[in-house]
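For reference, data.csv (CSV, C-alpha atoms and all ligand atoms):
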```csv
chain,number,residue,atom,x,y,z
A,2,MET,CA,88.4,118.6,123.0
A,3,SER,CA,87.9,115.6,120.7
A,4,ARG,CA,86.7,113.6,123.8
A,5,LEU,CA,84.1,116.3,124.5
A,6,LEU,CA,82.9,116.3,120.9
A,7,ALA,CA,82.6,112.5,121.0
A,8,THR,CA,80.5,112.7,124.2
A,9,LEU,CA,78.3,115.5,122.7
A,10,TYR,CA,77.8,113.4,119.6
A,11,ARG,CA,76.7,110.4,121.6
A,12,LEU,CA,74.1,112.6,123.4
A,13,PHE,CA,72.9,113.8,119.9
A,14,TYR,CA,72.8,110.2,118.5
A,15,ASP,CA,71.1,108.6,121.5
A,16,GLY,CA,68.9,111.5,122.4
A,17,LEU,CA,67.7,112.6,119.0
A,18,LEU,CA,68.8,110.6,116.0
A,19,CYS,CA,67.9,107.3,117.6
A,20,ARG,CA,64.4,108.5,118.5
A,21,LEU,CA,63.5,109.7,115.1
A,22,PRO,CA,62.1,107.3,112.5
A,23,GLU,CA,65.1,106.1,110.3
A,24,PRO,CA,64.2,108.2,107.2
A,25,ALA,CA,63.9,111.4,109.3
A,26,ALA,CA,67.2,110.6,111.0
A,27,ILE,CA,69.0,110.1,107.7
A,28,ALA,CA,67.5,113.3,106.3
A,29,LEU,CA,68.6,115.2,109.4
A,30,GLY,CA,72.1,113.7,109.5
A,31,GLN,CA,72.8,114.2,105.8
A,32,GLY,CA,71.2,117.7,105.9
A,33,LEU,CA,73.6,118.7,108.7
A,34,LEU,CA,76.5,117.3,106.9
A,35,ARG,CA,75.7,119.2,103.7
A,36,ALA,CA,74.9,122.5,105.6
A,37,LEU,CA,77.7,122.7,108.2
A,38,PRO,CA,81.2,123.4,106.9
A,39,VAL,CA,82.7,120.9,109.4
A,40,ASP,CA,85.4,120.0,106.9
A,41,ARG,CA,87.0,123.4,107.5
A,42,LEU,CA,87.5,122.8,111.3
A,43,PRO,CA,91.0,121.5,112.1
A,44,ILE,CA,89.7,119.6,115.2
A,45,PHE,CA,88.4,116.8,112.9
A,46,ARG,CA,91.8,116.1,111.4
A,47,LEU,CA,95.2,115.1,112.7
A,48,GLU,CA,98.3,115.3,110.6
A,49,ASP,CA,101.1,113.1,111.6
A,50,PRO,CA,103.7,112.0,109.0
A,51,ARG,CA,104.2,108.8,110.8
A,52,LEU,CA,100.6,107.7,109.9
A,53,ARG,CA,101.2,108.1,106.2
A,54,THR,CA,100.7,104.9,104.2
A,55,THR,CA,100.2,103.7,100.6
A,56,LEU,CA,97.6,101.6,99.0
A,57,GLY,CA,98.3,100.3,95.5
A,58,GLY,CA,101.2,102.8,95.3
A,59,VAL,CA,98.8,105.7,96.1
A,60,GLU,CA,99.8,107.8,99.0
A,61,LEU,CA,97.3,108.3,101.9
A,62,PRO,CA,97.9,110.7,104.7
A,63,ASN,CA,96.7,108.0,107.1
A,64,PRO,CA,95.2,104.5,106.9
A,65,LEU,CA,91.6,105.4,107.7
A,66,ILE,CA,89.0,105.1,104.9
A,67,LEU,CA,85.4,106.2,104.8
A,68,ALA,CA,83.7,103.1,103.4
A,69,ALA,CA,81.2,103.2,100.5
A,70,MET,CA,77.9,104.8,101.1
A,71,TYR,CA,77.8,108.4,99.9
A,72,TYR,CA,77.8,109.5,96.3
A,73,GLU,CA,76.8,113.2,96.5
A,74,PRO,CA,79.8,115.4,95.7
A,75,ARG,CA,79.0,117.8,98.5
A,76,ILE,CA,79.1,115.1,101.1
A,77,LEU,CA,82.2,113.5,99.6
A,78,ARG,CA,83.9,116.9,99.8
A,79,ARG,CA,83.0,117.3,103.4
A,80,ALA,CA,84.1,113.8,104.2
A,81,MET,CA,87.5,114.5,102.6
A,82,GLY,CA,88.1,117.1,105.3
A,83,LEU,CA,87.1,114.9,108.3
A,84,GLY,CA,90.3,113.2,109.0
A,85,PHE,CA,90.1,110.2,106.6
A,86,GLY,CA,93.1,109.2,104.6
A,87,ALA,CA,90.8,108.3,101.6
A,88,VAL,CA,87.1,108.4,100.9
A,89,THR,CA,85.1,105.8,99.0
A,90,ALA,CA,82.1,106.8,97.0
A,91,LYS,CA,78.9,104.6,96.9
A,92,SER,CA,78.8,101.8,94.4
A,93,ILE,CA,77.8,103.1,91.0
A,94,THR,CA,75.8,101.1,88.4
A,95,LEU,CA,75.6,101.7,84.7
A,96,GLY,CA,72.1,103.2,84.8
A,97,PRO,CA,70.5,105.1,87.6
A,98,ARG,CA,68.7,102.9,90.2
A,99,PRO,CA,66.0,104.0,92.6
A,100,GLY,CA,67.1,101.3,95.1
A,101,HIS,CA,64.7,99.1,97.1
A,102,PRO,CA,61.5,100.6,98.5
A,103,ALA,CA,61.4,101.8,102.1
A,104,PRO,CA,61.9,100.6,104.7
A,105,ASN,CA,65.4,100.0,103.5
A,106,LEU,CA,67.5,100.9,106.6
A,107,VAL,CA,66.8,100.1,110.2
A,108,ARG,CA,68.8,100.5,113.4
A,109,VAL,CA,69.7,97.5,115.5
A,110,ARG,CA,70.9,97.4,119.1
A,111,THR,CA,73.2,94.4,119.3
A,112,ALA,CA,75.1,93.1,122.4
A,113,ALA,CA,78.2,94.7,120.9
A,114,GLY,CA,76.6,98.1,120.3
A,115,PRO,CA,74.5,100.1,117.8
A,116,GLY,CA,74.5,98.9,114.2
A,117,LEU,CA,72.4,99.1,111.0
A,118,VAL,CA,70.7,96.7,108.7
A,119,ASN,CA,70.2,98.0,105.1
A,120,CYS,CA,68.7,96.8,101.9
A,121,ASN,CA,69.6,99.9,100.0
A,122,GLY,CA,69.7,98.1,96.7
A,123,PHE,CA,72.3,100.5,95.1
A,124,GLN,CA,70.2,103.6,95.0
A,125,ASN,CA,72.5,105.8,92.8
A,126,PRO,CA,72.4,108.2,89.9
A,127,GLY,CA,74.1,105.9,87.4
A,128,LEU,CA,77.4,106.3,85.5
A,129,GLU,CA,76.7,109.4,83.5
A,130,ALA,CA,75.2,111.6,86.2
A,131,PHE,CA,77.7,110.5,88.7
A,132,ARG,CA,80.6,111.3,86.4
A,133,ALA,CA,79.2,114.7,85.6
A,134,SER,CA,78.7,115.4,89.4
A,135,LEU,CA,82.3,114.6,90.2
A,136,ARG,CA,83.7,117.3,87.9
A,137,GLY,CA,85.3,120.0,90.0
A,138,LEU,CA,85.5,117.8,93.2
A,139,PRO,CA,88.8,118.7,94.8
A,140,HIS,CA,90.6,115.5,95.9
A,141,ARG,CA,91.9,116.7,99.2
A,142,VAL,CA,92.6,113.1,99.9
A,143,PRO,CA,92.4,110.2,97.4
A,144,LEU,CA,88.9,109.2,96.1
A,145,ILE,CA,88.0,105.6,95.7
A,146,VAL,CA,85.2,104.9,93.2
A,147,SER,CA,83.2,101.8,93.7
A,148,VAL,CA,81.6,99.9,90.8
A,149,ALA,CA,78.8,97.4,90.8
A,150,GLY,CA,77.8,95.6,87.6
A,151,GLU,CA,75.2,93.1,86.5
A,152,SER,CA,77.5,91.7,83.8
A,153,VAL,CA,81.2,91.5,82.9
A,154,GLU,CA,80.6,94.3,80.4
A,155,ASP,CA,79.1,96.6,83.0
A,156,TYR,CA,82.1,96.2,85.2
A,157,LEU,CA,84.5,96.9,82.4
A,158,THR,CA,82.6,100.0,81.3
A,159,LEU,CA,82.3,101.3,84.8
A,160,ALA,CA,86.0,100.8,85.6
A,161,ARG,CA,87.1,102.3,82.3
A,162,GLU,CA,84.9,105.4,82.6
A,163,LEU,CA,85.2,106.1,86.3
A,164,GLY,CA,88.9,105.1,86.7
A,165,PRO,CA,90.2,108.5,85.4
A,166,LEU,CA,88.1,110.3,88.1
A,167,ALA,CA,89.6,108.5,91.1
A,168,GLU,CA,92.9,107.4,92.6
A,169,LEU,CA,91.6,103.8,93.1
A,170,VAL,CA,88.7,101.7,91.8
A,171,GLU,CA,86.9,99.3,94.1
A,172,PHE,CA,85.1,96.4,92.7
A,173,ASN,CA,81.9,95.6,94.6
A,174,ILE,CA,81.1,91.9,94.3
A,175,SER,CA,79.7,91.6,97.8
A,176,SER,CA,76.7,93.8,98.7
A,177,PRO,CA,74.1,91.3,99.9
A,178,ASN,CA,71.1,93.4,98.8
A,179,THR,CA,70.9,92.6,95.1
A,180,ARG,CA,71.3,89.1,93.9
A,181,LEU,CA,73.3,90.1,90.9
A,182,VAL,CA,76.3,91.5,92.8
A,183,TYR,CA,76.2,89.1,95.8
A,184,GLU,CA,76.0,86.0,93.6
A,185,TRP,CA,79.4,86.6,92.0
A,186,SER,CA,80.9,84.9,95.1
A,187,THR,CA,78.9,81.8,94.2
A,188,ARG,CA,80.4,81.7,90.7
A,189,PRO,CA,84.2,82.0,91.4
A,190,HIS,CA,85.1,80.6,87.9
A,191,GLU,CA,83.2,83.4,86.1
A,192,LEU,CA,84.6,85.8,88.6
A,193,ARG,CA,88.1,84.8,87.8
A,194,ALA,CA,87.5,85.6,84.1
A,195,LEU,CA,86.0,89.0,85.1
A,196,LEU,CA,88.9,89.9,87.3
A,197,GLY,CA,91.3,89.0,84.5
A,198,ARG,CA,89.6,91.3,82.1
A,199,VAL,CA,88.9,94.2,84.3
A,200,ARG,CA,92.6,94.6,85.0
A,201,GLU,CA,92.8,95.7,81.3
A,202,ALA,CA,90.1,98.3,81.7
A,203,THR,CA,92.0,100.8,83.9
A,204,PRO,CA,95.5,101.4,84.9
A,205,LYS,CA,94.3,102.6,88.4
A,206,PRO,CA,94.9,100.3,91.3
A,207,LEU,CA,92.0,98.0,91.8
A,208,ILE,CA,90.4,96.8,95.1
A,209,VAL,CA,88.1,93.7,95.3
A,210,LYS,CA,85.6,94.1,98.1
A,211,LEU,CA,84.8,90.8,99.6
A,212,SER,CA,81.8,89.5,101.5
A,213,PRO,CA,82.3,88.2,105.0
A,214,ASP,CA,79.6,85.5,104.2
A,215,PHE,CA,82.0,83.7,101.8
A,216,ALA,CA,85.2,83.5,103.8
A,217,GLU,CA,86.2,80.0,102.4
A,218,VAL,CA,85.5,80.9,98.8
A,219,ASN,CA,87.3,84.3,99.2
A,220,GLU,CA,90.5,82.7,100.4
A,221,ARG,CA,90.5,79.5,98.3
A,222,GLN,CA,89.4,81.0,95.0
A,223,ILE,CA,88.7,84.7,94.8
A,224,ILE,CA,91.8,86.2,96.4
A,225,PRO,CA,94.1,83.9,94.4
A,226,ALA,CA,92.2,84.8,91.2
A,227,ALA,CA,92.6,88.5,92.0
A,228,LEU,CA,96.4,88.1,92.6
A,229,ASP,CA,96.7,86.1,89.4
A,230,ALA,CA,95.0,89.0,87.6
A,231,GLY,CA,97.4,91.5,89.1
A,232,ILE,CA,94.9,92.9,91.6
A,233,ARG,CA,96.7,93.3,94.9
A,234,ILE,CA,94.2,94.9,97.2
A,235,VAL,CA,91.2,93.4,98.9
A,236,ASN,CA,88.7,95.1,101.1
A,237,TYR,CA,87.5,92.6,103.7
A,238,GLY,CA,84.7,93.4,103.7
A,239,ASN,CA,81.1,94.2,103.2
A,240,THR,CA,78.0,93.8,105.4
A,241,ARG,CA,76.8,90.4,106.6
A,242,ARG,CA,73.5,89.1,105.1
A,243,VAL,CA,70.8,88.7,107.8
A,244,ALA,CA,67.1,88.2,107.9
A,245,GLU,CA,65.3,91.4,109.0
A,246,PRO,CA,61.5,91.4,108.7
A,247,ARG,CA,61.2,95.2,109.2
A,248,LEU,CA,62.9,95.7,105.8
A,249,SER,CA,61.0,95.7,102.5
A,250,GLN,CA,63.2,92.8,101.3
A,251,GLY,CA,62.8,90.8,104.5
A,252,ALA,CA,66.6,90.7,104.7
A,253,GLY,CA,69.6,93.0,104.5
A,254,GLY,CA,73.2,93.7,105.3
A,255,LEU,CA,74.2,94.0,108.9
A,256,SER,CA,76.9,96.5,109.7
A,257,GLY,CA,78.4,97.8,112.9
A,258,PRO,CA,80.2,96.3,115.9
A,259,GLU,CA,78.4,92.9,115.8
A,260,ILE,CA,80.5,92.0,112.7
A,261,PHE,CA,83.8,93.3,114.1
A,262,ALA,CA,85.0,89.9,115.5
A,263,ALA,CA,84.6,88.3,112.0
A,264,THR,CA,86.4,91.2,110.3
A,265,LEU,CA,89.3,90.8,112.7
A,266,ALA,CA,89.5,87.1,112.1
A,267,ASN,CA,89.2,87.4,108.3
A,268,VAL,CA,92.0,90.0,108.2
A,269,ALA,CA,94.3,88.0,110.4
A,270,ARG,CA,93.7,84.8,108.3
A,271,ALA,CA,94.1,86.5,105.0
A,272,ARG,CA,97.4,88.1,106.1
A,273,ALA,CA,98.7,84.8,107.4
A,274,THR,CA,97.6,83.0,104.2
A,275,PHE,CA,98.7,85.5,101.5
A,276,GLY,CA,101.7,87.3,103.2
A,277,ALA,CA,103.0,90.7,102.2
A,278,GLY,CA,102.0,90.4,98.5
A,279,LEU,CA,98.4,91.3,99.4
A,280,GLU,CA,97.2,94.7,100.6
A,281,ILE,CA,94.2,94.4,102.9
A,282,ILE,CA,91.6,97.0,103.9
A,283,GLY,CA,89.9,95.8,107.1
A,284,THR,CA,86.2,97.0,107.1
A,285,GLY,CA,83.3,96.0,109.2
A,286,GLY,CA,82.4,97.0,112.7
A,287,VAL,CA,85.0,99.6,113.6
A,288,ASP,CA,83.4,102.1,115.9
A,289,ALA,CA,86.3,102.8,118.4
A,290,PRO,CA,90.0,103.5,118.3
A,291,ASP,CA,91.1,100.2,119.8
A,292,LYS,CA,89.2,98.3,117.0
A,293,ALA,CA,91.1,100.2,114.3
A,294,ARG,CA,94.4,99.5,116.0
A,295,ALA,CA,93.5,95.8,116.4
A,296,LEU,CA,92.9,95.5,112.7
A,297,LEU,CA,96.2,97.2,111.8
A,298,ARG,CA,98.0,94.9,114.2
A,299,ALA,CA,96.3,91.9,112.7
A,300,GLY,CA,97.8,92.8,109.3
A,301,ALA,CA,95.5,95.3,107.7
A,302,ASN,CA,97.2,98.0,105.7
A,303,ALA,CA,94.2,100.3,106.1
A,304,VAL,CA,90.9,100.4,108.0
A,305,GLY,CA,87.5,101.3,106.6
A,306,TYR,CA,84.2,102.1,108.4
A,307,PHE,CA,80.9,103.6,107.7
A,308,THR,CA,78.4,102.7,110.5
A,309,GLY,CA,80.8,104.2,113.1
A,310,PHE,CA,80.6,107.5,111.2
A,311,ILE,CA,76.9,107.5,111.9
A,312,THR,CA,76.8,106.0,115.5
A,313,ARG,CA,79.9,107.7,116.8
A,314,GLY,CA,80.0,110.8,114.6
A,315,PRO,CA,82.5,112.6,112.4
A,316,ILE,CA,84.8,113.0,115.4
A,317,LEU,CA,85.6,109.2,115.4
A,318,ALA,CA,88.3,109.6,112.8
A,319,ARG,CA,90.2,112.1,114.9
A,320,ARG,CA,89.8,109.9,118.0
A,321,ILE,CA,91.3,106.9,116.1
A,322,LEU,CA,94.1,109.0,114.6
A,323,GLU,CA,95.0,110.3,118.1
A,324,GLU,CA,95.3,106.7,119.3
A,325,LEU,CA,97.3,105.6,116.3
A,326,SER,CA,99.6,108.6,116.7
A,327,ARG,CA,100.1,107.8,120.4
A,328,THR,CA,101.1,104.2,119.7
A,329,ALA,CA,103.0,104.9,116.4
B,1,LIG,C1,73.3,102.3,104.1
B,1,LIG,C2,74.5,101.6,103.6
B,1,LIG,C3,74.9,101.6,102.3
B,1,LIG,C4,76.0,101.0,101.8
B,1,LIG,N1,76.3,101.1,100.5
B,1,LIG,C5,77.4,100.4,100.0
B,1,LIG,C6,77.8,100.4,98.6
B,1,LIG,O1,77.1,101.1,97.8
B,1,LIG,N2,78.8,99.7,98.2
B,1,LIG,C7,79.6,99.0,99.1
B,1,LIG,O2,80.6,98.3,98.7
B,1,LIG,N3,79.3,98.9,100.4
B,1,LIG,C8,78.2,99.6,100.9
B,1,LIG,N4,77.9,99.6,102.2
B,1,LIG,C9,78.8,98.7,103.1
B,1,LIG,C10,79.8,99.6,103.8
B,1,LIG,O3,80.7,100.2,102.9
B,1,LIG,C11,80.7,98.7,104.7
B,1,LIG,O4,81.4,97.8,104.0
B,1,LIG,C12,79.8,97.9,105.7
B,1,LIG,O5,78.8,98.8,106.2
B,1,LIG,C13,80.7,97.4,106.9
B,1,LIG,O6,81.4,98.4,107.6
B,1,LIG,P1,80.8,99.2,108.9
B,1,LIG,O7,80.4,98.1,109.9
B,1,LIG,O8,81.9,100.1,109.3
B,1,LIG,O9,79.6,100.0,108.4
B,1,LIG,C14,76.8,100.2,102.7
B,1,LIG,C15,76.5,100.2,104.1
B,1,LIG,C16,75.4,100.9,104.5
B,1,LIG,C17,75.1,100.8,106.0
```

Spit out the file's structure as structure tokens when you get a sec.
Amino acid sequence: MSRLLATLYRLFYDGLLCRLPEPAAIALGQGLLRALPVDRLPIFRLEDPRLRTTLGGVELPNPLILAAMYYEPRILRRAMGLGFGAVTAKSITLGPRPGHPAPNLVRVRTAAGPGLVNCNGFQNPGLEAFRASLRGLPHRVPLIVSVAGESVEDYLTLARELGPLAELVEFNISSPNTRLVYEWSTRPHELRALLGRVREATPKPLIVKLSPDFAEVNERQIIPAALDAGIRIVNYGNTRRVAEPRLSQGAGGLSGPEIFAATLANVARARATFGAGLEIIGTGGVDAPDKARALLRAGANAVGYFTGFITRGPILARRILEELSRTA
């Protein structure tokens, strides 16, 4: 059955979503997700106690995580019933942000398969509106909130205010679409001070989301600074910055299977370098069960994806869980 749904989704994606202009495809996809109660259908989930895991001491029913992109509570609620062991909300900034003007997302066909390049620019409702919208959201699985600041104070406020609403807090220092966030990786000494202080802002487990564009700095400076600050989880990682003349900013973050090889290498190296004291979420390019399994075998504690949710559909989580269950 899940195989059939996966095939039907491919026909829908290739035959319709891919032929529509990107804004219309996004409106249709998100509209369907809001309207259809897919989260009530058991076919999208698979419960197997052998797949349970923990992240920062928080129990997850399985190691699959929907990566940051959605902030609407209705969509987060749906996603929580679609097989994921945890769901990440989109990065939230202190004030609301309209994001970068359109075009801010384009599809790409790479040799490895279909991907996306976005320069979303943190389109989000801001701390207050997001916090209000989360009231009443049932946490069917753990919620990870993601915070993105322009200053140390922003990060502290966001972590302090949003921490109580989530099971884990992710620290975005890696989205390549706004200089202020991306440039943290070029200032590792200031980042060390920030990581030290943010640990005091919330008792919730913290995750640092890394950029694949800064592998050497990540492993030489940022991960050691996180560990020194008592932050034991990294998400490796975000999109890769690329030139893309079709986007309003002339550049954006590449996601999807083209970045998978780098994700796998980054996870394997980080595990070899930092050993069992570091928990690693491997994110970037997972769009098939064997890729999720490869990341776990390379040392990831959990696997995140977003683009695969779009290109392979909501049934991908179930397909991955079947594979993990079969080889558990
Ligand atoms: C349209 C779009 C918006 C995204 N927004 C965020 C965000 O707000 N915060 C963040 O940390 N990552 C964001 N990401 C990055 C994803 O969470 C993920 O790290 C990245 O896409 C690589 O994984 P994938 O290849 O499975 O998509 C976004 C990605 C896309 C495509």

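Picture a line from CA of Gly257 in chain A to CA of Ile145 in chain A; it runs 21.2 Å.
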
Please check which residues have atoms at most 8 Å from (93.1, 88.7, 87.9) in the file's coordinates, counting only C-alpha atoms, and write them as a JSON list (two decimals) with C-alpha atoms, in the coordinates of the input.
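result-v7.json written:
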```json
[["chain", "number", "residue", "atom", "x", "y", "z"],
["A", 193, "ARG", "CA", 88.10, 84.80, 87.80],
["A", 194, "ALA", "CA", 87.50, 85.60, 84.10],
["A", 195, "LEU", "CA", 86.00, 89.00, 85.10],
["A", 196, "LEU", "CA", 88.90, 89.90, 87.30],
["A", 197, "GLY", "CA", 91.30, 89.00, 84.50],
["A", 198, "ARG", "CA", 89.60, 91.30, 82.10],
["A", 199, "VAL", "CA", 88.90, 94.20, 84.30],
["A", 200, "ARG", "CA", 92.60, 94.60, 85.00],
["A", 226, "ALA", "CA", 92.20, 84.80, 91.20],
["A", 227, "ALA", "CA", 92.60, 88.50, 92.00],
["A", 228, "LEU", "CA", 96.40, 88.10, 92.60],
["A", 229, "ASP", "CA", 96.70, 86.10, 89.40],
["A", 230, "ALA", "CA", 95.00, 89.00, 87.60],
["A", 231, "GLY", "CA", 97.40, 91.50, 89.10],
["A", 232, "ILE", "CA", 94.90, 92.90, 91.60]]
```

Expressed in Å, the length from CA of Leu17 in chain A to CA of Thr89 in chain A is 27.4 Å

Residues of chain A within 7 Å of ligand LIG 1 (chain B): nearest atom pair and distance (Å, one decimal) for each, counting only C-alpha atoms and all ligand atoms, sorted by chain and number, as CSV?
```
residue,atom,partner,partner_atom,distance
A:Ala68,CA,B:LIG1,O3,4.2
A:Ala69,CA,B:LIG1,O3,3.9
A:Met70,CA,B:LIG1,N1,4.1
A:Lys91,CA,B:LIG1,O1,4.0
A:Ser92,CA,B:LIG1,O1,3.9
A:Leu106,CA,B:LIG1,C1,6.5
A:Leu117,CA,B:LIG1,C17,5.9
A:Val118,CA,B:LIG1,C17,6.6
A:Asn119,CA,B:LIG1,C1,5.4
A:Asn121,CA,B:LIG1,C1,6.0
A:Phe123,CA,B:LIG1,O1,5.5
A:Ser147,CA,B:LIG1,O2,6.6
A:Asn173,CA,B:LIG1,O2,5.1
A:Ser175,CA,B:LIG1,O2,6.8
A:Ser176,CA,B:LIG1,O2,6.0
A:Lys210,CA,B:LIG1,O2,6.6
A:Gly238,CA,B:LIG1,O4,5.5
A:Asn239,CA,B:LIG1,O4,3.7
A:Thr240,CA,B:LIG1,C12,4.5
A:Ser256,CA,B:LIG1,O7,3.9
A:Gly257,CA,B:LIG1,O7,3.6
A:Pro258,CA,B:LIG1,O7,6.3
A:Ile260,CA,B:LIG1,O7,6.7
A:Thr284,CA,B:LIG1,O6,5.0
A:Gly285,CA,B:LIG1,O6,3.5
A:Gly286,CA,B:LIG1,O7,3.6
A:Val287,CA,B:LIG1,O8,5.3
A:Gly305,CA,B:LIG1,O8,6.3
A:Tyr306,CA,B:LIG1,O8,3.2
A:Phe307,CA,B:LIG1,O9,3.9
A:Thr308,CA,B:LIG1,O9,3.6
A:Gly309,CA,B:LIG1,O8,5.7
```

Restrict the selected residues to C-alpha atoms and save them as a PDB file, in the frame of the given file.
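File out_5.pdb, as written:
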```pdb
ATOM      1  CA  ALA A  68      83.700 103.100 103.400  1.00  0.00           C
ATOM      2  CA  ALA A  69      81.200 103.200 100.500  1.00  0.00           C
ATOM      3  CA  MET A  70      77.900 104.800 101.100  1.00  0.00           C
ATOM      4  CA  LYS A  91      78.900 104.600  96.900  1.00  0.00           C
ATOM      5  CA  SER A  92      78.800 101.800  94.400  1.00  0.00           C
ATOM      6  CA  LEU A 106      67.500 100.900 106.600  1.00  0.00           C
ATOM      7  CA  LEU A 117      72.400  99.100 111.000  1.00  0.00           C
ATOM      8  CA  VAL A 118      70.700  96.700 108.700  1.00  0.00           C
ATOM      9  CA  ASN A 119      70.200  98.000 105.100  1.00  0.00           C
ATOM     10  CA  ASN A 121      69.600  99.900 100.000  1.00  0.00           C
ATOM     11  CA  PHE A 123      72.300 100.500  95.100  1.00  0.00           C
ATOM     12  CA  SER A 147      83.200 101.800  93.700  1.00  0.00           C
ATOM     13  CA  ASN A 173      81.900  95.600  94.600  1.00  0.00           C
ATOM     14  CA  SER A 175      79.700  91.600  97.800  1.00  0.00           C
ATOM     15  CA  SER A 176      76.700  93.800  98.700  1.00  0.00           C
ATOM     16  CA  LYS A 210      85.600  94.100  98.100  1.00  0.00           C
ATOM     17  CA  GLY A 238      84.700  93.400 103.700  1.00  0.00           C
ATOM     18  CA  ASN A 239      81.100  94.200 103.200  1.00  0.00           C
ATOM     19  CA  THR A 240      78.000  93.800 105.400  1.00  0.00           C
ATOM     20  CA  SER A 256      76.900  96.500 109.700  1.00  0.00           C
ATOM     21  CA  GLY A 257      78.400  97.800 112.900  1.00  0.00           C
ATOM     22  CA  PRO A 258      80.200  96.300 115.900  1.00  0.00           C
ATOM     23  CA  ILE A 260      80.500  92.000 112.700  1.00  0.00           C
ATOM     24  CA  THR A 284      86.200  97.000 107.100  1.00  0.00           C
ATOM     25  CA  GLY A 285      83.300  96.000 109.200  1.00  0.00           C
ATOM     26  CA  GLY A 286      82.400  97.000 112.700  1.00  0.00           C
ATOM     27  CA  VAL A 287      85.000  99.600 113.600  1.00  0.00           C
ATOM     28  CA  GLY A 305      87.500 101.300 106.600  1.00  0.00           C
ATOM     29  CA  TYR A 306      84.200 102.100 108.400  1.00  0.00           C
ATOM     30  CA  PHE A 307      80.900 103.600 107.700  1.00  0.00           C
ATOM     31  CA  THR A 308      78.400 102.700 110.500  1.00  0.00           C
ATOM     32  CA  GLY A 309      80.800 104.200 113.100  1.00  0.00           C
TER      33      GLY A 309
END
```

**OP:** Please identify all polymer residues within 10 Å of range 298-301 of chain A, counting all atoms listed in the file, omitting same-chain residues fewer than 6 positions from it, and present them as a ChimeraX atom specification.
**Re:** /A:64,235-237,265-273,276-277,279-284,292

Selected residues written out with C-alpha atoms, as an mmCIF file, keeping the file's coordinate frame:
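Here's the written file result-v7.cif:
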```cif
data_model
loop_
_atom_site.group_PDB
_atom_site.id
_atom_site.type_symbol
_atom_site.label_atom_id
_atom_site.label_comp_id
_atom_site.auth_asym_id
_atom_site.auth_seq_id
_atom_site.Cartn_x
_atom_site.Cartn_y
_atom_site.Cartn_z
ATOM 1 C CA PRO A 64 95.200 104.500 106.900
ATOM 2 C CA VAL A 235 91.200 93.400 98.900
ATOM 3 C CA ASN A 236 88.700 95.100 101.100
ATOM 4 C CA TYR A 237 87.500 92.600 103.700
ATOM 5 C CA LEU A 265 89.300 90.800 112.700
ATOM 6 C CA ALA A 266 89.500 87.100 112.100
ATOM 7 C CA ASN A 267 89.200 87.400 108.300
ATOM 8 C CA VAL A 268 92.000 90.000 108.200
ATOM 9 C CA ALA A 269 94.300 88.000 110.400
ATOM 10 C CA ARG A 270 93.700 84.800 108.300
ATOM 11 C CA ALA A 271 94.100 86.500 105.000
ATOM 12 C CA ARG A 272 97.400 88.100 106.100
ATOM 13 C CA ALA A 273 98.700 84.800 107.400
ATOM 14 C CA GLY A 276 101.700 87.300 103.200
ATOM 15 C CA ALA A 277 103.000 90.700 102.200
ATOM 16 C CA LEU A 279 98.400 91.300 99.400
ATOM 17 C CA GLU A 280 97.200 94.700 100.600
ATOM 18 C CA ILE A 281 94.200 94.400 102.900
ATOM 19 C CA ILE A 282 91.600 97.000 103.900
ATOM 20 C CA GLY A 283 89.900 95.800 107.100
ATOM 21 C CA THR A 284 86.200 97.000 107.100
ATOM 22 C CA LYS A 292 89.200 98.300 117.000
#
```

Atom pair CA of Pro204 in chain A + CA of Glu162 in chain A, distance 11.6 Å

The residue from A:Leu159, A:Ala112, A:Leu56, A:Ala103 with the smallest atom-to-atom distance to Leu144 in chain A, counting all atoms listed in the file, is A:Leu56

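Candidate residues A:Ala36, A:Leu181, A:Gly150, A:Leu47 were compared for distance to Arg327 in chain A, and the nearest is A:Leu47, using only C-alpha atoms.
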
task = Mind checking which residues fall within 12 Å of Gly58 in chain A, counting only C-alpha atoms, ignoring those fewer than 6 positions away in the same chain, and posting them as a PyMOL selection string?
result = chain A and resi 143+168-169+204-207+233-234+280

For Pro50 in chain A, work out the shell of residues within 12 Å, counting all atoms listed in the file and skipping chain neighbours fewer than 5 positions away, then give it as a compact mmCIF listing (two decimals) with C-alpha atoms, in the coordinates of the input.
```txt
# COMPACT_ATOMS: atom_id res chain seq x y z
CA GLU A 60 99.80 107.80 99.00
CA LEU A 61 97.30 108.30 101.90
CA PRO A 62 97.90 110.70 104.70
CA ASN A 63 96.70 108.00 107.10
CA PRO A 64 95.20 104.50 106.90
CA GLY A 86 93.10 109.20 104.60
CA LEU A 322 94.10 109.00 114.60
CA LEU A 325 97.30 105.60 116.30
CA SER A 326 99.60 108.60 116.70
CA ALA A 329 103.00 104.90 116.40
```

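The residue that comes closest to Leu12 in chain A, out of A:Gly116, A:Pro139, A:Glu184, A:Gly314 and on the basis of only C-alpha atoms, is A:Gly314.
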
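Among the candidates A:Ala263, A:Ala244, A:Leu317, A:Leu192, the one nearest to Gln222 in chain A when counting all atoms listed in the file is A:Leu192.
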
Residues near Asn125 in chain A, cut-off 7 Å, only C-alpha atoms, skip fewer than 6 positions along chain, as an MDAnalysis selection string: chainID A and resid 93 97:99

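Nearest-residue note for Arg221 in chain A: choosing from A:Ile66, A:Gln31, A:Arg247, A:His190, the minimum distance belongs to A:His190, counting only C-alpha atoms.
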
**Study point:** Within 9 Å of Arg75 in chain A using only C-alpha atoms, minus same-chain residues under 3 positions, as a PyMOL selection string
**Key:** chain A and resi 34-35+72+78-80+138

Those residues you just picked out, can you put them in a file as a compact mmCIF listing (two decimals), keeping the file's coordinate frame with C-alpha atoms?
```
# COMPACT_ATOMS: atom_id res chain seq x y z
CA LEU A 34 76.50 117.30 106.90
CA ARG A 35 75.70 119.20 103.70
CA TYR A 72 77.80 109.50 96.30
CA ARG A 78 83.90 116.90 99.80
CA ARG A 79 83.00 117.30 103.40
CA ALA A 80 84.10 113.80 104.20
CA LEU A 138 85.50 117.80 93.20
```
